[in-house]
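Peer 1: Structure file work.pdb (PDB, C-alpha atoms) right here:
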```
MODEL        1
ATOM      1  CA  ILE A   8       9.843  10.876  -0.965
ATOM      2  CA  VAL A   9       8.834   8.393  -3.656
ATOM      3  CA  THR A  10       8.779   5.568  -1.122
ATOM      4  CA  GLY A  11       6.632   7.699   1.193
ATOM      5  CA  VAL A  12       4.132   8.276  -1.622
ATOM      6  CA  GLN A  13       4.132   4.577  -2.516
ATOM      7  CA  THR A  14       3.757   3.537   1.116
ATOM      8  CA  CYS A  15       0.953   6.057   1.597
ATOM      9  CA  ALA A  16      -0.913   4.605  -1.396
ATOM     10  CA  LEU A  17      -1.208   1.234   0.364
ATOM     11  CA  PRO A  18      -3.331   2.338   3.367
ATOM     12  CA  ILE A  19      -5.428   4.637   1.148
ATOM     13  CA  SER A  20      -6.162   1.753  -1.220
ATOM     14  CA  THR A  21      -6.931  -0.515   1.732
ATOM     15  CA  ALA A  22      -9.316   2.039   3.273
ATOM     16  CA  LEU A  23     -11.101   2.462  -0.066
ATOM     17  CA  ARG A  24     -11.364  -1.329  -0.491
ATOM     18  CA  GLU A  25     -12.764  -1.674   3.046
ATOM     19  CA  LYS A  26     -15.360   1.009   2.291
ATOM     20  CA  GLU A  27     -16.363  -0.738  -0.956
ATOM     21  CA  LYS A  28     -16.530  -4.093   0.873
ATOM     22  CA  ALA A  29     -18.747  -2.650   3.608
ATOM     23  CA  ALA A  30     -21.106  -1.201   0.973
ATOM     24  CA  PHE A  31     -21.199  -4.545  -0.867
ATOM     25  CA  ASP A  32     -21.809  -6.485   2.363
ATOM     26  CA  LYS A  33     -24.759  -4.221   3.169
ATOM     27  CA  VAL A  34     -26.279  -4.642  -0.314
ATOM     28  CA  GLU A  35     -25.670  -8.395  -0.288
ATOM     29  CA  SER A  36     -27.215  -8.811   3.174
ATOM     30  CA  GLU A  37     -30.286  -6.734   2.287
ATOM     31  CA  THR A  38     -30.734  -8.522  -1.035
ATOM     32  CA  LYS A  39     -30.458 -11.958   0.577
ATOM     33  CA  THR A  40     -32.989 -10.920   3.228
ATOM     34  CA  ASN A  41     -35.339  -9.669   0.516
ATOM     35  CA  LEU A  42     -34.868 -12.801  -1.584
ATOM     36  CA  ALA A  43     -35.620 -14.962   1.474
ATOM     37  CA  ALA A  44     -38.805 -12.953   2.093
ATOM     38  CA  LEU A  45     -39.781 -13.361  -1.557
ATOM     39  CA  GLY A  46     -39.158 -17.096  -1.349
ATOM     40  CA  LYS A  47     -41.283 -17.447   1.791
ATOM     41  CA  ALA A  48     -44.055 -15.336   0.276
ATOM     42  CA  THR A  49     -44.075 -17.285  -2.969
ATOM     43  CA  THR A  50     -44.172 -20.628  -1.146
ATOM     44  CA  ALA A  51     -46.907 -19.466   1.247
ATOM     45  CA  ILE A  52     -49.082 -18.043  -1.531
ATOM     46  CA  GLU A  53     -48.627 -21.087  -3.765
ATOM     47  CA  LYS A  54     -49.653 -23.369  -0.890
ATOM     48  CA  GLY A  55     -52.588 -21.112   0.009
ATOM     49  CA  MET A  56     -51.350 -20.618   3.565
ATOM     50  CA  GLY A  57     -53.402 -18.248   5.632
ATOM     51  CA  GLY A  58     -51.811 -15.747   7.968
ATOM     52  CA  PHE A  59     -48.871 -14.903   5.649
ATOM     53  CA  LEU A  60     -49.783 -11.218   5.654
ATOM     54  CA  GLN A  61     -48.989 -11.005   9.395
ATOM     55  CA  THR A  62     -45.402 -12.350   9.005
ATOM     56  CA  THR A  63     -42.144 -10.377   8.941
ATOM     57  CA  ALA A  64     -41.644 -11.628   5.363
ATOM     58  CA  ALA A  65     -44.829  -9.813   4.336
ATOM     59  CA  ALA A  66     -43.644  -6.638   6.128
ATOM     60  CA  THR A  67     -40.293  -6.904   4.312
ATOM     61  CA  LEU A  68     -42.092  -7.245   0.967
ATOM     62  CA  ARG A  69     -44.314  -4.220   1.695
ATOM     63  CA  SER A  70     -41.205  -2.119   2.353
ATOM     64  CA  LEU A  71     -39.469  -3.593  -0.676
ATOM     65  CA  ALA A  72     -42.385  -2.895  -3.030
ATOM     66  CA  SER A  73     -42.043   0.842  -2.419
ATOM     67  CA  LYS A  74     -38.296   0.838  -3.175
ATOM     68  CA  LEU A  75     -37.969  -1.423  -6.205
ATOM     69  CA  ASP A  76     -38.032  -0.270  -9.797
ATOM     70  CA  MET A  77     -41.151  -2.006 -11.145
ATOM     71  CA  MET A  78     -44.265  -1.244 -13.148
ATOM     72  CA  ASP A  79     -46.778   0.877 -11.208
ATOM     73  CA  ALA A  80     -49.613  -1.561 -11.903
ATOM     74  CA  ASP A  81     -47.590  -4.458 -10.455
ATOM     75  CA  ARG A  82     -46.592  -2.332  -7.466
ATOM     76  CA  GLN A  83     -50.233  -1.396  -6.780
ATOM     77  CA  ASP A  84     -51.379  -5.013  -7.090
ATOM     78  CA  LEU A  85     -48.623  -6.232  -4.775
ATOM     79  CA  VAL A  86     -49.170  -3.486  -2.176
ATOM     80  CA  ALA A  87     -52.923  -4.063  -2.244
ATOM     81  CA  PHE A  88     -52.395  -7.788  -1.754
ATOM     82  CA  LEU A  89     -49.830  -7.348   1.037
ATOM     83  CA  SER A  90     -52.011  -4.781   2.787
ATOM     84  CA  GLY A  91     -54.882  -7.250   2.840
ATOM     85  CA  SER A  92     -57.019  -4.694   1.044
ATOM     86  CA  THR A  93     -60.528  -5.837   0.209
ATOM     87  CA  GLU A  94     -60.739  -3.326  -2.618
ATOM     88  CA  TYR A  95     -58.576  -5.434  -4.875
ATOM     89  CA  ALA A  96     -58.058  -9.155  -4.664
ATOM     90  CA  PRO A  97     -55.935 -10.311  -7.586
ATOM     91  CA  ALA A  98     -55.504 -13.955  -8.312
ATOM     92  CA  SER A  99     -52.709 -15.496  -6.256
ATOM     93  CA  GLY A 100     -51.080 -16.698  -9.500
ATOM     94  CA  GLU A 101     -50.648 -13.090 -10.621
ATOM     95  CA  ILE A 102     -49.005 -12.134  -7.308
ATOM     96  CA  VAL A 103     -46.738 -15.197  -7.454
ATOM     97  CA  GLY A 104     -45.732 -14.121 -10.988
ATOM     98  CA  ILE A 105     -44.889 -10.617  -9.771
ATOM     99  CA  LEU A 106     -42.907 -12.014  -6.832
ATOM    100  CA  LYS A 107     -40.981 -14.447  -9.055
ATOM    101  CA  GLN A 108     -40.150 -11.644 -11.490
ATOM    102  CA  MET A 109     -38.931  -9.485  -8.577
ATOM    103  CA  GLY A 110     -36.897 -12.439  -7.303
ATOM    104  CA  ASP A 111     -35.333 -13.018 -10.728
ATOM    105  CA  GLU A 112     -34.364  -9.343 -11.061
ATOM    106  CA  MET A 113     -32.980  -9.205  -7.518
ATOM    107  CA  SER A 114     -31.043 -12.454  -8.049
ATOM    108  CA  LYS A 115     -29.543 -11.008 -11.233
ATOM    109  CA  ASP A 116     -28.654  -7.756  -9.440
ATOM    110  CA  LEU A 117     -27.094  -9.764  -6.599
ATOM    111  CA  ALA A 118     -25.074 -11.886  -9.048
ATOM    112  CA  ASP A 119     -23.896  -8.704 -10.813
ATOM    113  CA  ALA A 120     -22.925  -7.140  -7.461
ATOM    114  CA  GLN A 121     -21.069 -10.312  -6.418
ATOM    115  CA  ALA A 122     -19.219 -10.413  -9.762
ATOM    116  CA  ALA A 123     -18.297  -6.729  -9.386
ATOM    117  CA  GLU A 124     -17.102  -7.371  -5.818
ATOM    118  CA  LYS A 125     -15.020 -10.350  -6.952
ATOM    119  CA  ALA A 126     -13.478  -8.226  -9.731
ATOM    120  CA  ALA A 127     -12.799  -5.413  -7.226
ATOM    121  CA  VAL A 128     -11.096  -7.861  -4.829
ATOM    122  CA  THR A 129      -8.940  -9.239  -7.651
ATOM    123  CA  SER A 130      -8.047  -5.733  -8.805
ATOM    124  CA  TYR A 131      -7.213  -4.688  -5.227
ATOM    125  CA  GLU A 132      -5.026  -7.747  -4.668
ATOM    126  CA  GLU A 133      -3.179  -7.104  -7.943
ATOM    127  CA  LEU A 134      -2.715  -3.438  -7.019
ATOM    128  CA  MET A 135      -1.439  -4.318  -3.539
ATOM    129  CA  ALA A 136       0.954  -6.926  -4.957
ATOM    130  CA  ALA A 137       2.289  -4.423  -7.514
ATOM    131  CA  LYS A 138       2.625  -1.608  -4.958
ATOM    132  CA  THR A 139       4.231  -3.918  -2.399
ATOM    133  CA  LYS A 140       6.717  -5.093  -5.030
ATOM    134  CA  GLU A 141       7.411  -1.465  -5.948
ATOM    135  CA  VAL A 142       7.901  -0.451  -2.306
ATOM    136  CA  ASN A 143      10.211  -3.425  -1.738
ATOM    137  CA  ALA A 144      12.262  -2.516  -4.822
ATOM    138  CA  LEU A 145      12.512   1.131  -3.725
ATOM    139  CA  SER A 146      13.382   0.098  -0.161
ATOM    140  CA  LYS A 147      16.148  -2.161  -1.481
ATOM    141  CA  MET A 148      17.443   0.686  -3.660
ATOM    142  CA  ILE A 149      17.475   3.023  -0.642
ATOM    143  CA  GLU A 150      19.286   0.406   1.456
ATOM    144  CA  GLU A 151      21.895  -0.018  -1.294
ATOM    145  CA  LYS A 152      22.380   3.756  -1.525
ATOM    146  CA  LEU A 153      22.666   4.063   2.258
ATOM    147  CA  THR A 154      25.248   1.254   2.230
ATOM    148  CA  ARG A 155      27.159   3.053  -0.536
ATOM    149  CA  ILE A 156      27.002   6.318   1.432
ATOM    150  CA  GLY A 157      28.315   4.475   4.490
ATOM    151  CA  ASP A 158      31.132   2.896   2.425
ATOM    152  CA  VAL A 159      32.058   6.293   0.937
ATOM    153  CA  GLY A 160      32.057   7.777   4.433
ATOM    154  CA  VAL A 161      34.466   5.057   5.593
ATOM    155  CA  GLU A 162      36.678   5.638   2.527
ATOM    156  CA  ILE A 163      36.716   9.390   3.184
ATOM    157  CA  GLN A 164      37.705   8.774   6.821
ATOM    158  CA  GLN A 165      40.469   6.404   5.699
ATOM    159  CA  MET A 166      41.716   9.034   3.225
ATOM    160  CA  LYS A 167      41.702  11.652   6.004
ATOM    161  CA  ASN A 168      43.671   9.256   8.207
ATOM    162  CA  ASP A 169      46.092   8.594   5.326
ATOM    163  CA  LEU A 170      46.408  12.344   4.765
ATOM    164  CA  GLY A 171      47.153  12.857   8.459
ATOM    165  CA  ASP A 172      49.768  10.084   8.377
ATOM    166  CA  THR A 173      51.298  11.554   5.217
ATOM    167  CA  ALA A 174      51.396  15.037   6.785
ATOM    168  CA  GLU A 175      53.116  13.606   9.863
ATOM    169  CA  GLY A 176      55.577  11.758   7.616
ATOM    170  CA  LEU A 177      56.233  14.965   5.681
ATOM    171  CA  GLU A 178      56.964  16.858   8.908
ATOM    172  CA  GLU A 179      59.356  14.118   9.997
ATOM    173  CA  ASP A 180      61.034  14.185   6.552
ATOM    174  CA  LYS A 181      61.417  17.988   6.747
ATOM    175  CA  LYS A 182      62.910  17.674  10.227
ATOM    176  CA  PHE A 183      65.262  14.941   8.983
ATOM    177  CA  ILE A 184      66.349  17.145   6.048
ATOM    178  CA  ALA A 185      66.875  20.098   8.389
ATOM    179  CA  ASP A 186      68.937  17.894  10.713
ATOM    180  CA  LEU A 187      70.832  16.542   7.713
ATOM    181  CA  ASP A 188      71.576  20.076   6.471
ATOM    182  CA  LYS A 189      72.723  21.027   9.944
ATOM    183  CA  ASN A 190      74.954  17.919  10.235
ATOM    184  CA  CYS A 191      76.341  18.514   6.716
ATOM    185  CA  GLU A 192      77.132  22.102   7.612
ATOM    186  CA  ALA A 193      78.840  21.004  10.806
ATOM    187  CA  LYS A 194      80.834  18.301   9.006
ATOM    188  CA  THR A 195      81.732  20.674   6.188
ATOM    189  CA  LYS A 196      82.965  23.192   8.744
ATOM    190  CA  LEU A 197      84.913  20.484  10.533
ATOM    191  CA  PHE A 198      86.360  19.286   7.240
ATOM    192  CA  LYS A 199      87.449  22.822   6.318
ATOM    193  CA  GLU A 200      89.024  23.243   9.725
ATOM    194  CA  ASN A 201      90.918  19.953   9.239
ATOM    195  CA  VAL A 202      92.062  21.040   5.786
ATOM    196  CA  ASN A 203      93.212  24.410   7.154
ATOM    197  CA  TYR A 204      94.930  22.720  10.050
ATOM    198  CA  ARG A 205      96.813  20.305   7.761
ATOM    199  CA  THR A 206      97.675  23.072   5.402
ATOM    200  CA  GLN A 207      99.318  24.978   8.259
ATOM    201  CA  GLU A 208     101.384  21.954   9.151
TER     202      GLU A 208
ENDMDL
END
```
Could you write out this structure as structure tokens?

Peer 2:
Amino acid sequence: IVTGVQTCALPISTALREKEKAAFDKVESETKTNLAALGKATTAIEKGMGGFLQTTAAATLRSLASKLDMMDADRQDLVAFLSGSTEYAPASGEIVGILKQMGDEMSKDLADAQAAEKAAVTSYEELMAAKTKEVNALSKMIEEKLTRIGDVGVEIQQMKNDLGDTAEGLEEDKKFIADLDKNCEAKTKLFKENVNYRTQE
């Protein structure tokens, strides 16, 4: 039962680790995509490239601006800029500053997530090594006990065989004693008859 519980813990731990890994991979992929878009946007704005607002990087940033935790004023400036709104045209330096700040925060979050993933992998590997060692030890103990049970079974069978042989020997001894008693009786009778016969002579 204990081995079953230990063995069951291994696939459960593996399934949990796979789920955590999938979640991390998704976050890492999205963050890298967002960081790449930020990098392209920053470079394009700094170089004064026209047509940036029609790129997929600009679309990614528009979507990102609505999701990120940032000051409302910065969000409004960024959205207005990315929308190509004529109502507000902040200086490109201000937008680059906002983008760089977003990039720094996202890079930090990504580094934290990668460190947490690395720690989770290490923890999982340590857990699996410990559980595998435990399962191996328990399996060895079970094998030893099964071997002992087998040895005891053989000993019991040998004792039963010995008992059978002893019982057969006892029967033969009883028969021998009975025959001996019978022979003694016959010889005693014969002896008495000889004594009587000699006495009559």

Peer 1: I'd like the residues picked by the PyMOL selection byres ((chain A and resi 64) around 8) written out as a PyMOL selection string, using the chain letters and numbers from the file.

Peer 2: chain A and resi 43-45+47-48+59+62-63+65-68

Peer 1: In Å, how far is it from CA of Gly171 in chain A to CA of Thr154 in chain A?

Peer 2: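 That distance, rounded to one decimal, is 25.6 Å.
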
Peer 1: So, counting all atoms listed in the file, which residue among A:Met78, A:Ser114, A:Ala127, A:Tyr204 is closest to Leu23 in chain A?

Peer 2: A:Ala127

Peer 1: Point out the residue among A:Lys28, A:Ala22, A:Asp79, A:Glu151 with the least atom-to-atom distance to Ala123 in chain A, counting all atoms listed in the file.

Peer 2: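 Selected residue with least distance to Ala123 in chain A: A:Lys28.
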
Peer 1: Quick check, in Å to one decimal: how far apart do CA of Asp188 in chain A and CA of Val202 in chain A lie?

Peer 2: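 Computing it gives 20.5 Å between the two atoms.
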
Peer 1: For the atom pair CA of Ala72 in chain A and CA of Leu42 in chain A, what is the interatomic distance in Å to one decimal place?

Peer 2: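 Distance between the two atoms: 12.5 Å.
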
Peer 1: Tell me which of A:Glu35, A:Arg205, A:Pro18, A:Ala29 sits closest to Asp119 in chain A, counting all atoms listed in the file.

Peer 2: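 For Asp119 in chain A, the nearest of the candidates is A:Glu35.
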
Peer 1: Give as an MDAnalysis selection string each residue that has an atom at most 10 Å from (-32.3, -4.3, 1.2) in the file, counting all atoms listed in the file.

Peer 2: chainID A and resid 33:42 67 70:71 74:75
